[in-house]
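Written below as structure tokens is the structure these notes are about.
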Amino acid sequence: MYHVALVDLFARYTSSPNGKFDVQRLKTKKYLFIYFAAHWTDQYRNYTSQLIGFYNDTCQNGDNDIGVIFVSVDRTQQDANQFMRDAAMPWLGVRVNTPGSIELRKRYAGPGVPCIVLLDENDKVLSSSYNEAGKRLTMRPITAYQKIKEAGHGQKKTKSRKK
């Protein structure tokens with residue numbers, strides 16, 4: 001089990017306008033992406049579609065190590081739900097302006113939206129779409145995850161050669 005305290009922090013504040021989603025499944029995911037966005041941001045369409053494409057491709061290829069949490073910075077839950085439906089987000093969201101979304105934003109959000117943050121199994125930030133100077137580096141967390149997975153496959157091959 002991973003992310004137990006983090007998932008418990010926002011579990012009662014989730015919504016999934018695109019269907020049923022069991023928030024407790026996130027505790028089985030080694031890595032979590034937290035996606036901060038709003039329907040009114042200029043870049044959200046491209047950013048969201050890239051993240052959805054990555055997520056769907058990754059999961060369809062048998063990688064069950066990732067989960068995604070959407071944290072809307074929209075003003076209303078209606079706007080957030082519409083955004084999730086329009087984009088066909090395949091994950092759950094944390095309801096707008098709830099203690100769960102406020103705490104996630106305080107802990108992990110970058111200086112602007114959209115923003116993606118990649119967390120390890122201990123909820124440590126491995127990568128953010130904003131660097132230390134506050135510059136957005138778009139899909140950097142996805143690239144970081146892909147490198148982690150490639151490194152893991154290389155280790156498995158090395159171990160099998162030693163046998």
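By order of appearance in the structure tokens: chains A, B, ..., then residues from 1 within every chain, and ligands from 1 in the order shown.
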Considering only C-alpha atoms, give me a table of residues in stretch 51-83 of chain A that are at most 12 Å from stretch 103-117 of chain A, with the closest atom pair and distance in Å for each, as CSV.
```
residue,atom,partner,partner_atom,distance
A:Leu51,CA,A:Ile116,CA,8.9
A:Gly67,CA,A:Val117,CA,11.6
A:Val68,CA,A:Ile116,CA,9.6
A:Ile69,CA,A:Ile116,CA,9.8
A:Phe70,CA,A:Ile116,CA,9.3
A:Val71,CA,A:Arg105,CA,7.7
A:Ser72,CA,A:Arg105,CA,9.4
A:Val73,CA,A:Val113,CA,8.2
A:Asp74,CA,A:Val113,CA,10.6
```
For C-alpha atoms, I'd like the residues from the last selection saved as a PDB file, in the first residue's frame.
```pdb
ATOM      1  CA  LEU A  51      -1.604  13.761 -20.099  1.00  0.00           C
ATOM      2  CA  GLY A  67      -2.587   6.983 -10.750  1.00  0.00           C
ATOM      3  CA  VAL A  68      -3.714  10.520 -11.532  1.00  0.00           C
ATOM      4  CA  ILE A  69      -5.588  12.939  -9.313  1.00  0.00           C
ATOM      5  CA  PHE A  70      -7.136  16.049 -10.835  1.00  0.00           C
ATOM      6  CA  VAL A  71      -7.247  19.138  -8.642  1.00  0.00           C
ATOM      7  CA  SER A  72      -9.302  21.846 -10.276  1.00  0.00           C
ATOM      8  CA  VAL A  73      -8.631  25.476  -9.556  1.00  0.00           C
ATOM      9  CA  ASP A  74     -11.945  26.451 -11.110  1.00  0.00           C
TER      10      ASP A  74
END
```
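With only C-alpha atoms taken into account, the protein and nucleic acid residues at most 9 Å from stretch 5-17 of chain A (excluding it and anything under 5 positions from it in its own chain) are Val23, Gln24, Leu26, Lys27, Asn81, Gln82, Met84, Arg85, Met89, Pro90, Trp91, Leu92, Gly93, Val94, Arg95, Val96, Thr98, Pro99, Gly100, Ser101, Glu103, Leu104 and Asp123 of chain A.
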Could those residues be written to a file, using N, CA and C atoms, as a PDB file, in the first residue's frame?
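What landed in again-v8.pdb:
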```pdb
ATOM      1  N   VAL A  23     -11.558   5.554  -5.164  1.00  0.00           N
ATOM      2  CA  VAL A  23     -10.402   6.338  -4.735  1.00  0.00           C
ATOM      3  C   VAL A  23      -9.376   5.471  -4.003  1.00  0.00           C
ATOM      4  N   GLN A  24      -9.825   4.426  -3.329  1.00  0.00           N
ATOM      5  CA  GLN A  24      -8.908   3.569  -2.581  1.00  0.00           C
ATOM      6  C   GLN A  24      -7.937   2.817  -3.494  1.00  0.00           C
ATOM      7  N   LEU A  26      -6.089   4.098  -5.578  1.00  0.00           N
ATOM      8  CA  LEU A  26      -4.867   4.894  -5.676  1.00  0.00           C
ATOM      9  C   LEU A  26      -3.801   4.419  -4.692  1.00  0.00           C
ATOM     10  N   LYS A  27      -4.224   3.766  -3.634  1.00  0.00           N
ATOM     11  CA  LYS A  27      -3.267   3.262  -2.641  1.00  0.00           C
ATOM     12  C   LYS A  27      -2.453   2.082  -3.173  1.00  0.00           C
ATOM     13  N   ASN A  81     -16.528  19.916 -13.090  1.00  0.00           N
ATOM     14  CA  ASN A  81     -17.169  18.724 -13.646  1.00  0.00           C
ATOM     15  C   ASN A  81     -17.302  18.816 -15.159  1.00  0.00           C
ATOM     16  N   GLN A  82     -17.664  19.996 -15.650  1.00  0.00           N
ATOM     17  CA  GLN A  82     -17.789  20.183 -17.090  1.00  0.00           C
ATOM     18  C   GLN A  82     -16.432  19.993 -17.771  1.00  0.00           C
ATOM     19  N   MET A  84     -13.924  18.165 -16.674  1.00  0.00           N
ATOM     20  CA  MET A  84     -13.595  16.743 -16.638  1.00  0.00           C
ATOM     21  C   MET A  84     -14.379  15.967 -17.700  1.00  0.00           C
ATOM     22  N   ARG A  85     -15.661  16.285 -17.873  1.00  0.00           N
ATOM     23  CA  ARG A  85     -16.471  15.610 -18.887  1.00  0.00           C
ATOM     24  C   ARG A  85     -16.006  15.959 -20.288  1.00  0.00           C
ATOM     25  N   MET A  89     -11.616  13.022 -18.924  1.00  0.00           N
ATOM     26  CA  MET A  89     -10.565  12.599 -17.998  1.00  0.00           C
ATOM     27  C   MET A  89     -10.902  11.225 -17.423  1.00  0.00           C
ATOM     28  N   PRO A  90      -9.976  10.269 -17.531  1.00  0.00           N
ATOM     29  CA  PRO A  90     -10.253   8.911 -17.063  1.00  0.00           C
ATOM     30  C   PRO A  90      -9.908   8.684 -15.591  1.00  0.00           C
ATOM     31  N   TRP A  91      -9.817   9.741 -14.828  1.00  0.00           N
ATOM     32  CA  TRP A  91      -9.477   9.633 -13.406  1.00  0.00           C
ATOM     33  C   TRP A  91     -10.412  10.502 -12.593  1.00  0.00           C
ATOM     34  N   LEU A  92     -10.239  10.487 -11.303  1.00  0.00           N
ATOM     35  CA  LEU A  92     -11.126  11.262 -10.441  1.00  0.00           C
ATOM     36  C   LEU A  92     -10.562  12.651 -10.164  1.00  0.00           C
ATOM     37  N   GLY A  93     -11.421  13.482  -9.649  1.00  0.00           N
ATOM     38  CA  GLY A  93     -11.024  14.819  -9.257  1.00  0.00           C
ATOM     39  C   GLY A  93     -11.328  15.052  -7.787  1.00  0.00           C
ATOM     40  N   VAL A  94     -10.639  16.008  -7.234  1.00  0.00           N
ATOM     41  CA  VAL A  94     -10.911  16.425  -5.865  1.00  0.00           C
ATOM     42  C   VAL A  94     -11.826  17.642  -5.955  1.00  0.00           C
ATOM     43  N   ARG A  95     -12.935  17.601  -5.241  1.00  0.00           N
ATOM     44  CA  ARG A  95     -13.922  18.678  -5.347  1.00  0.00           C
ATOM     45  C   ARG A  95     -13.311  20.040  -5.021  1.00  0.00           C
ATOM     46  N   VAL A  96     -13.788  21.039  -5.720  1.00  0.00           N
ATOM     47  CA  VAL A  96     -13.305  22.412  -5.641  1.00  0.00           C
ATOM     48  C   VAL A  96     -13.492  22.983  -4.237  1.00  0.00           C
ATOM     49  N   THR A  98     -12.480  22.342  -1.288  1.00  0.00           N
ATOM     50  CA  THR A  98     -12.675  21.487  -0.115  1.00  0.00           C
ATOM     51  C   THR A  98     -11.352  21.439   0.646  1.00  0.00           C
ATOM     52  N   PRO A  99     -11.367  21.003   1.892  1.00  0.00           N
ATOM     53  CA  PRO A  99     -10.096  20.890   2.621  1.00  0.00           C
ATOM     54  C   PRO A  99      -9.073  20.025   1.878  1.00  0.00           C
ATOM     55  N   GLY A 100      -9.541  18.968   1.200  1.00  0.00           N
ATOM     56  CA  GLY A 100      -8.620  18.112   0.440  1.00  0.00           C
ATOM     57  C   GLY A 100      -7.946  18.844  -0.702  1.00  0.00           C
ATOM     58  N   SER A 101      -8.704  19.601  -1.489  1.00  0.00           N
ATOM     59  CA  SER A 101      -8.104  20.319  -2.622  1.00  0.00           C
ATOM     60  C   SER A 101      -7.221  21.466  -2.147  1.00  0.00           C
ATOM     61  N   GLU A 103      -5.481  21.597   0.637  1.00  0.00           N
ATOM     62  CA  GLU A 103      -4.234  21.034   1.164  1.00  0.00           C
ATOM     63  C   GLU A 103      -3.327  20.533   0.033  1.00  0.00           C
ATOM     64  N   LEU A 104      -3.900  19.889  -0.970  1.00  0.00           N
ATOM     65  CA  LEU A 104      -3.084  19.429  -2.098  1.00  0.00           C
ATOM     66  C   LEU A 104      -2.452  20.611  -2.833  1.00  0.00           C
ATOM     67  N   ASP A 123       5.159   9.885  -1.269  1.00  0.00           N
ATOM     68  CA  ASP A 123       4.579  11.208  -1.511  1.00  0.00           C
ATOM     69  C   ASP A 123       5.628  12.301  -1.636  1.00  0.00           C
TER      70      ASP A 123
END
```
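Minimum distance to A:Ser129 across A:Phe83, A:Phe54, A:Phe33, A:Trp40 (counting only C-alpha atoms) occurs at A:Phe33.
In terms of minimum interatomic distance to A:Asn122, A:Leu32 ranks closest within A:Ile102, A:Leu32, A:Asp22, A:Ser49, counting only C-alpha atoms.
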Could you tell me how far atom CA of A:Thr28 lies from atom CA of A:Lys147, in Å and to one decimal?
20.9 Å
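Note that atom CA of A:Tyr47 and atom CA of A:Lys29 are 22.4 Å apart.
Checking A:Asn61, A:Glu121, A:Phe21, A:Gly152 one by one against A:Val4, counting only C-alpha atoms, you find the shortest gap at A:Glu121.
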So which bits of stretch 16-148 of chain A end up alpha helix (DSSP H) when you DSSP the backbone, as a short mmCIF file (atom, residue, chain, number, x, y, z; two decimals) with N, CA and C atoms, in the first residue's frame?
```cif
data_model
loop_
_atom_site.label_atom_id
_atom_site.label_comp_id
_atom_site.auth_asym_id
_atom_site.auth_seq_id
_atom_site.Cartn_x
_atom_site.Cartn_y
_atom_site.Cartn_z
N TYR A 44 -4.73 24.49 -21.28
CA TYR A 44 -5.27 23.26 -20.72
C TYR A 44 -5.61 22.21 -21.77
N ARG A 45 -6.12 22.61 -22.92
CA ARG A 45 -6.56 21.61 -23.91
C ARG A 45 -5.41 20.71 -24.34
N ASN A 46 -4.31 21.31 -24.76
CA ASN A 46 -3.16 20.53 -25.22
C ASN A 46 -2.55 19.75 -24.07
N TYR A 47 -2.36 20.41 -22.96
CA TYR A 47 -1.76 19.79 -21.77
C TYR A 47 -2.58 18.61 -21.30
N THR A 48 -3.89 18.81 -21.19
CA THR A 48 -4.78 17.75 -20.73
C THR A 48 -4.79 16.58 -21.70
N SER A 49 -4.87 16.86 -23.00
CA SER A 49 -4.91 15.76 -23.96
C SER A 49 -3.59 14.99 -23.96
N GLN A 50 -2.46 15.67 -23.77
CA GLN A 50 -1.18 14.96 -23.68
C GLN A 50 -1.13 14.06 -22.45
N LEU A 51 -1.61 14.56 -21.32
CA LEU A 51 -1.60 13.76 -20.10
C LEU A 51 -2.55 12.56 -20.24
N ILE A 52 -3.71 12.77 -20.79
CA ILE A 52 -4.66 11.66 -21.00
C ILE A 52 -4.06 10.64 -21.95
N GLY A 53 -3.45 11.09 -23.04
CA GLY A 53 -2.82 10.17 -23.98
C GLY A 53 -1.73 9.34 -23.32
N PHE A 54 -0.88 9.99 -22.55
CA PHE A 54 0.18 9.28 -21.82
C PHE A 54 -0.43 8.27 -20.87
N TYR A 55 -1.40 8.69 -20.09
CA TYR A 55 -2.04 7.81 -19.10
C TYR A 55 -2.68 6.60 -19.77
N ASN A 56 -3.47 6.83 -20.81
CA ASN A 56 -4.14 5.73 -21.50
C ASN A 56 -3.13 4.77 -22.13
N ASP A 57 -2.12 5.31 -22.81
CA ASP A 57 -1.09 4.47 -23.44
C ASP A 57 -0.36 3.65 -22.39
N THR A 58 0.01 4.29 -21.29
CA THR A 58 0.76 3.62 -20.24
C THR A 58 -0.06 2.48 -19.63
N CYS A 59 -1.30 2.77 -19.30
CA CYS A 59 -2.16 1.75 -18.68
C CYS A 59 -2.51 0.64 -19.67
N GLN A 60 -2.74 0.98 -20.93
CA GLN A 60 -3.07 -0.04 -21.93
C GLN A 60 -1.89 -0.96 -22.21
N GLN A 77 -17.68 23.87 -8.67
CA GLN A 77 -17.63 22.44 -8.95
C GLN A 77 -18.28 22.14 -10.30
N GLN A 78 -19.28 22.91 -10.66
CA GLN A 78 -19.93 22.73 -11.96
C GLN A 78 -18.92 22.93 -13.09
N ASP A 79 -18.10 23.98 -13.00
CA ASP A 79 -17.07 24.22 -14.02
C ASP A 79 -16.06 23.07 -14.05
N ALA A 80 -15.65 22.60 -12.88
CA ALA A 80 -14.69 21.50 -12.81
C ALA A 80 -15.28 20.23 -13.42
N ASN A 81 -16.53 19.92 -13.09
CA ASN A 81 -17.17 18.72 -13.65
C ASN A 81 -17.30 18.82 -15.16
N GLN A 82 -17.66 20.00 -15.65
CA GLN A 82 -17.79 20.18 -17.09
C GLN A 82 -16.43 19.99 -17.77
N PHE A 83 -15.39 20.54 -17.18
CA PHE A 83 -14.03 20.38 -17.69
C PHE A 83 -13.66 18.90 -17.74
N MET A 84 -13.92 18.17 -16.67
CA MET A 84 -13.59 16.74 -16.64
C MET A 84 -14.38 15.97 -17.70
N ARG A 85 -15.66 16.28 -17.87
CA ARG A 85 -16.47 15.61 -18.89
C ARG A 85 -16.01 15.96 -20.29
N ASP A 86 -15.81 17.27 -20.56
CA ASP A 86 -15.41 17.70 -21.89
C ASP A 86 -14.07 17.09 -22.31
N ALA A 87 -13.15 16.99 -21.36
CA ALA A 87 -11.82 16.44 -21.66
C ALA A 87 -11.81 14.91 -21.59
N PRO A 99 -11.37 21.00 1.89
CA PRO A 99 -10.10 20.89 2.62
C PRO A 99 -9.07 20.03 1.88
N GLY A 100 -9.54 18.97 1.20
CA GLY A 100 -8.62 18.11 0.44
C GLY A 100 -7.95 18.84 -0.70
N SER A 101 -8.70 19.60 -1.49
CA SER A 101 -8.10 20.32 -2.62
C SER A 101 -7.22 21.47 -2.15
N ILE A 102 -7.63 22.13 -1.10
CA ILE A 102 -6.83 23.24 -0.56
C ILE A 102 -5.48 22.72 -0.06
N GLU A 103 -5.48 21.60 0.64
CA GLU A 103 -4.23 21.03 1.16
C GLU A 103 -3.33 20.53 0.03
N LEU A 104 -3.90 19.89 -0.97
CA LEU A 104 -3.08 19.43 -2.10
C LEU A 104 -2.45 20.61 -2.83
N ARG A 105 -3.22 21.67 -3.02
CA ARG A 105 -2.68 22.86 -3.68
C ARG A 105 -1.55 23.46 -2.85
N LYS A 106 -1.74 23.52 -1.54
CA LYS A 106 -0.73 24.10 -0.66
C LYS A 106 0.56 23.28 -0.70
N ARG A 107 0.42 21.96 -0.70
CA ARG A 107 1.60 21.09 -0.66
C ARG A 107 2.33 20.96 -1.98
N TYR A 108 1.57 20.90 -3.10
CA TYR A 108 2.18 20.44 -4.35
C TYR A 108 2.03 21.35 -5.56
N ARG A 140 7.50 17.70 -18.16
CA ARG A 140 8.68 17.17 -17.47
C ARG A 140 8.36 15.99 -16.54
N PRO A 141 7.26 16.01 -15.77
CA PRO A 141 6.96 14.85 -14.92
C PRO A 141 6.72 13.55 -15.70
N ILE A 142 6.12 13.67 -16.86
CA ILE A 142 5.91 12.47 -17.69
C ILE A 142 7.24 11.93 -18.17
N THR A 143 8.12 12.80 -18.62
CA THR A 143 9.45 12.39 -19.05
C THR A 143 10.21 11.75 -17.89
N ALA A 144 10.08 12.32 -16.70
CA ALA A 144 10.75 11.76 -15.52
C ALA A 144 10.23 10.36 -15.23
N TYR A 145 8.93 10.17 -15.34
CA TYR A 145 8.36 8.84 -15.09
C TYR A 145 8.86 7.84 -16.13
N GLN A 146 8.89 8.25 -17.39
CA GLN A 146 9.36 7.35 -18.44
C GLN A 146 10.82 6.94 -18.20
N LYS A 147 11.63 7.86 -17.72
CA LYS A 147 13.03 7.53 -17.40
C LYS A 147 13.11 6.56 -16.23
N ILE A 148 12.26 6.73 -15.23
CA ILE A 148 12.22 5.81 -14.09
C ILE A 148 11.89 4.41 -14.58
#
```
I'd like to know which of A:Lys30, A:Phe36, A:Asn18, A:Ala88 is closest to A:Asp63, using only C-alpha atoms.
A:Lys30
Just the strand (DSSP E) stuff from chain A, please, per backbone DSSP, written as a PyMOL selection string.
chain A and resi 14-15+31-37+66-72+92-94+115-119+125-128
Generate the output file for the selected residues, C-alpha atoms, as a PDB file, in the first residue's frame.
```pdb
ATOM      1  CA  THR A  14     -13.569  13.294  -4.669  1.00  0.00           C
ATOM      2  CA  SER A  15     -15.829  13.385  -7.678  1.00  0.00           C
ATOM      3  CA  TYR A  31       3.470   6.702  -8.433  1.00  0.00           C
ATOM      4  CA  LEU A  32       0.857   9.443  -8.424  1.00  0.00           C
ATOM      5  CA  PHE A  33       0.514  12.362 -10.769  1.00  0.00           C
ATOM      6  CA  ILE A  34      -1.388  15.333  -9.401  1.00  0.00           C
ATOM      7  CA  TYR A  35      -2.777  17.505 -12.172  1.00  0.00           C
ATOM      8  CA  PHE A  36      -3.688  21.096 -11.302  1.00  0.00           C
ATOM      9  CA  ALA A  37      -5.696  22.879 -13.980  1.00  0.00           C
ATOM     10  CA  ILE A  66       0.443   5.101 -11.912  1.00  0.00           C
ATOM     11  CA  GLY A  67      -2.587   6.983 -10.750  1.00  0.00           C
ATOM     12  CA  VAL A  68      -3.714  10.520 -11.532  1.00  0.00           C
ATOM     13  CA  ILE A  69      -5.588  12.939  -9.313  1.00  0.00           C
ATOM     14  CA  PHE A  70      -7.136  16.049 -10.835  1.00  0.00           C
ATOM     15  CA  VAL A  71      -7.247  19.138  -8.642  1.00  0.00           C
ATOM     16  CA  SER A  72      -9.302  21.846 -10.276  1.00  0.00           C
ATOM     17  CA  LEU A  92     -11.126  11.262 -10.441  1.00  0.00           C
ATOM     18  CA  GLY A  93     -11.024  14.819  -9.257  1.00  0.00           C
ATOM     19  CA  VAL A  94     -10.911  16.425  -5.865  1.00  0.00           C
ATOM     20  CA  CYS A 115       0.796  21.992 -13.499  1.00  0.00           C
ATOM     21  CA  ILE A 116       1.620  18.305 -13.118  1.00  0.00           C
ATOM     22  CA  VAL A 117       3.495  16.886 -10.150  1.00  0.00           C
ATOM     23  CA  LEU A 118       4.886  13.334  -9.958  1.00  0.00           C
ATOM     24  CA  LEU A 119       5.041  11.753  -6.490  1.00  0.00           C
ATOM     25  CA  VAL A 125       7.927  15.124  -5.325  1.00  0.00           C
ATOM     26  CA  LEU A 126      10.046  13.496  -8.017  1.00  0.00           C
ATOM     27  CA  SER A 127       9.245  16.040 -10.698  1.00  0.00           C
ATOM     28  CA  SER A 128       7.084  19.082 -11.310  1.00  0.00           C
TER      29      SER A 128
END
```
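Pairwise distance (atom CA of A:Asp65, atom CA of A:Asp120) equals 10.3 Å.
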